[in-house]
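Raw contents of my_file07.cif, mmCIF, C-alpha atoms:
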```cif
data_entry
#
loop_
_atom_site.label_atom_id
_atom_site.label_comp_id
_atom_site.auth_asym_id
_atom_site.auth_seq_id
_atom_site.Cartn_x
_atom_site.Cartn_y
_atom_site.Cartn_z
CA MET A 19 1.03 -22.52 -19.02
CA PHE A 20 0.76 -23.07 -22.78
CA ASN A 21 -2.88 -24.27 -22.65
CA LEU A 22 -1.99 -27.63 -24.17
CA GLY A 23 -4.48 -30.44 -23.94
CA LEU A 24 -3.82 -34.19 -24.07
CA PRO A 25 -4.03 -34.43 -27.89
CA GLU A 26 -1.48 -31.63 -28.34
CA ILE A 27 0.91 -33.16 -25.80
CA ALA A 28 0.62 -36.56 -27.46
CA LEU A 29 1.38 -35.03 -30.87
CA VAL A 30 4.46 -33.20 -29.54
CA ALA A 31 5.68 -36.39 -27.84
CA ALA A 32 5.19 -38.44 -31.03
CA LEU A 33 7.05 -35.84 -33.11
CA ALA A 34 9.87 -35.69 -30.55
CA LEU A 35 10.13 -39.48 -30.59
CA LEU A 36 10.35 -39.49 -34.40
CA VAL A 37 12.82 -36.58 -34.68
CA ILE A 38 15.10 -37.32 -31.73
CA GLY A 39 14.75 -41.08 -31.51
CA PRO A 40 13.94 -43.36 -28.59
CA LYS A 41 17.54 -43.60 -27.32
CA ARG A 42 18.22 -39.86 -26.99
CA LEU A 43 14.68 -38.78 -25.97
CA PRO A 44 15.15 -39.30 -22.19
CA GLU A 45 18.44 -37.33 -22.26
CA VAL A 46 16.90 -34.47 -24.25
CA ALA A 47 13.84 -34.41 -21.99
CA ARG A 48 16.05 -34.27 -18.88
CA THR A 49 18.14 -31.43 -20.35
CA LEU A 50 15.00 -29.55 -21.37
CA GLY A 51 13.55 -30.01 -17.87
CA LYS A 52 16.72 -28.69 -16.21
CA THR A 53 16.82 -25.71 -18.56
CA LEU A 54 13.18 -24.83 -17.95
CA GLY A 55 13.68 -25.26 -14.18
CA GLY A 56 16.67 -22.92 -14.26
CA LEU A 57 14.72 -20.33 -16.22
CA LYS A 58 11.84 -20.57 -13.76
CA ARG A 59 14.17 -20.07 -10.78
CA ALA A 60 15.86 -17.10 -12.45
CA PHE A 61 12.47 -15.53 -13.18
CA GLU A 62 11.31 -16.09 -9.59
CA ASP A 63 14.55 -14.54 -8.26
CA ALA A 64 14.15 -11.49 -10.48
CA THR A 65 10.50 -11.16 -9.47
CA GLY A 66 11.44 -11.37 -5.78
CA GLU A 67 14.13 -8.70 -6.15
CA LEU A 68 11.70 -6.45 -7.99
CA ARG A 69 9.12 -6.87 -5.22
CA GLN A 70 11.74 -5.98 -2.59
CA GLU A 71 12.69 -2.82 -4.48
CA ILE A 72 9.04 -1.85 -4.85
CA ASN A 73 8.50 -2.41 -1.12
CA ARG A 74 11.58 -0.29 -0.29
CA GLY A 75 10.36 2.49 -2.55
CA THR A 76 6.89 2.34 -1.05
CA GLU A 77 8.36 2.57 2.45
CA GLU A 78 10.50 5.57 1.47
CA ILE A 79 7.46 7.30 -0.02
CA ARG A 80 5.46 6.58 3.15
CA LYS A 81 8.24 8.04 5.33
CA ALA A 82 8.55 11.12 3.11
CA GLY A 83 4.79 11.66 3.31
CA GLU A 84 4.94 11.36 7.09
CA GLU A 85 7.74 13.94 7.21
CA VAL A 86 5.72 16.30 5.03
CA ARG A 87 2.66 15.89 7.27
CA ASN A 88 4.78 16.53 10.36
CA ALA A 89 6.33 19.62 8.78
CA ALA A 90 2.87 20.92 7.82
CA LYS A 91 1.65 20.42 11.39
CA ALA A 92 4.74 22.19 12.73
CA ALA A 93 4.14 25.11 10.36
CA GLU A 94 0.52 25.38 11.52
CA ASN A 95 1.48 25.34 15.21
CA PRO A 96 4.98 26.77 15.57
CA ALA A 97 6.65 26.02 18.87
CA PRO A 98 7.61 29.03 21.01
CA PRO A 99 11.34 29.75 21.01
CA SER A 100 13.17 28.11 23.85
CA GLY A 101 16.03 29.73 25.71
CA ASN A 102 17.74 33.02 25.09
CA VAL A 103 18.32 33.94 21.46
CA THR A 104 21.30 36.11 22.39
CA ALA A 105 23.14 33.08 23.78
CA ASP A 106 24.29 32.33 20.22
CA PRO A 107 25.93 35.41 18.68
CA ASP A 108 25.40 34.24 15.10
CA LEU A 109 21.74 33.59 15.77
CA ALA A 110 21.38 36.93 17.53
CA GLN A 111 22.98 38.65 14.50
CA PHE A 112 20.57 36.86 12.14
CA VAL A 113 17.52 37.71 14.25
CA GLY A 114 18.71 41.30 14.47
CA GLU A 115 19.09 41.52 10.70
CA VAL A 116 15.63 40.09 10.16
CA THR A 117 13.99 42.36 12.71
CA GLY A 118 16.09 45.41 11.82
CA ASP A 119 17.84 45.63 15.20
CA VAL A 120 21.48 44.66 14.79
CA LYS A 121 23.49 44.96 18.04
CA GLY A 122 22.60 48.49 18.97
CA THR A 123 22.00 49.77 15.45
CA LYS A 124 18.42 50.33 14.38
CA SER A 125 17.50 50.32 10.70
#
```
How would this structure read if it were set down as C-alpha cells?
Amino acid sequence: MFNLGLPEIALVAALALLVIGPKRLPEVARTLGKTLGGLKRAFEDATGELRQEINRGTEEIRKAGEEVRNAAKAAENPAPPSGNVTADPDLAQFVGEVTGDVKGTKS
C-alpha cells in the first residue's frame, strides 16, 4: 500500500517505540489498527454503493436505448389502425381536423 520495505518498517517501529514507549505501544498499535480497519470498511462501503449506482444508471441507459430502438422500428413500420376511428368522438374530431373533414364540414 505504501511501498514500505523491511528497513522502513523497522525504522518506523523503532521510532514508535522511542516516542510512545514500550508500555503504551501495544495500545496505540491496536487503536491504529482499529481506526485503519474502520476507514477501510467505510471506503469499501462507499465504493460498493457507487458501483450499485453506476450499475443502476447503466441499466436505465440500456432500457432507454431499447425504447428508442423500438420507437424507431415502430416509426419505420407503422401498424395499421385497428377498429373504427369514429367509435371515439374525440379521436374522430381530431382525425377530422387533421384531414380537413370535421363532422360533415369540409375545409
Could you give me the centre and size, in Å to one decimal, of an axis-aligned box around all listed atoms of stretch 39-49 of chain A with 3 Å added on every side, as JSON?
```
{"center_x": 16.1, "center_y": -37.5, "center_z": -25.2, "size_x": 10.6, "size_y": 18.2, "size_z": 18.6}
```
Mind giving me the straight-line distance from atom CA of A:Glu94 to atom CA of A:Gly75 in Å, one decimal? 28.6 Å
Can you tell me which residues surround stretch 30-33 of chain A at a distance of at most 12 Å, considering all atoms listed in the file, apart from same-chain residues fewer than 5 positions away, and format the answer as a list in words?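 Listed by chain and then number, they are Leu22, Gly23, Leu24, Pro25, Ile38, Gly39, Pro40, Leu43, Pro44, Val46 and Ala47 of chain A.
Put simply, atom CA of A:Thr49 is 15.3 Å away from atom CA of A:Leu35.
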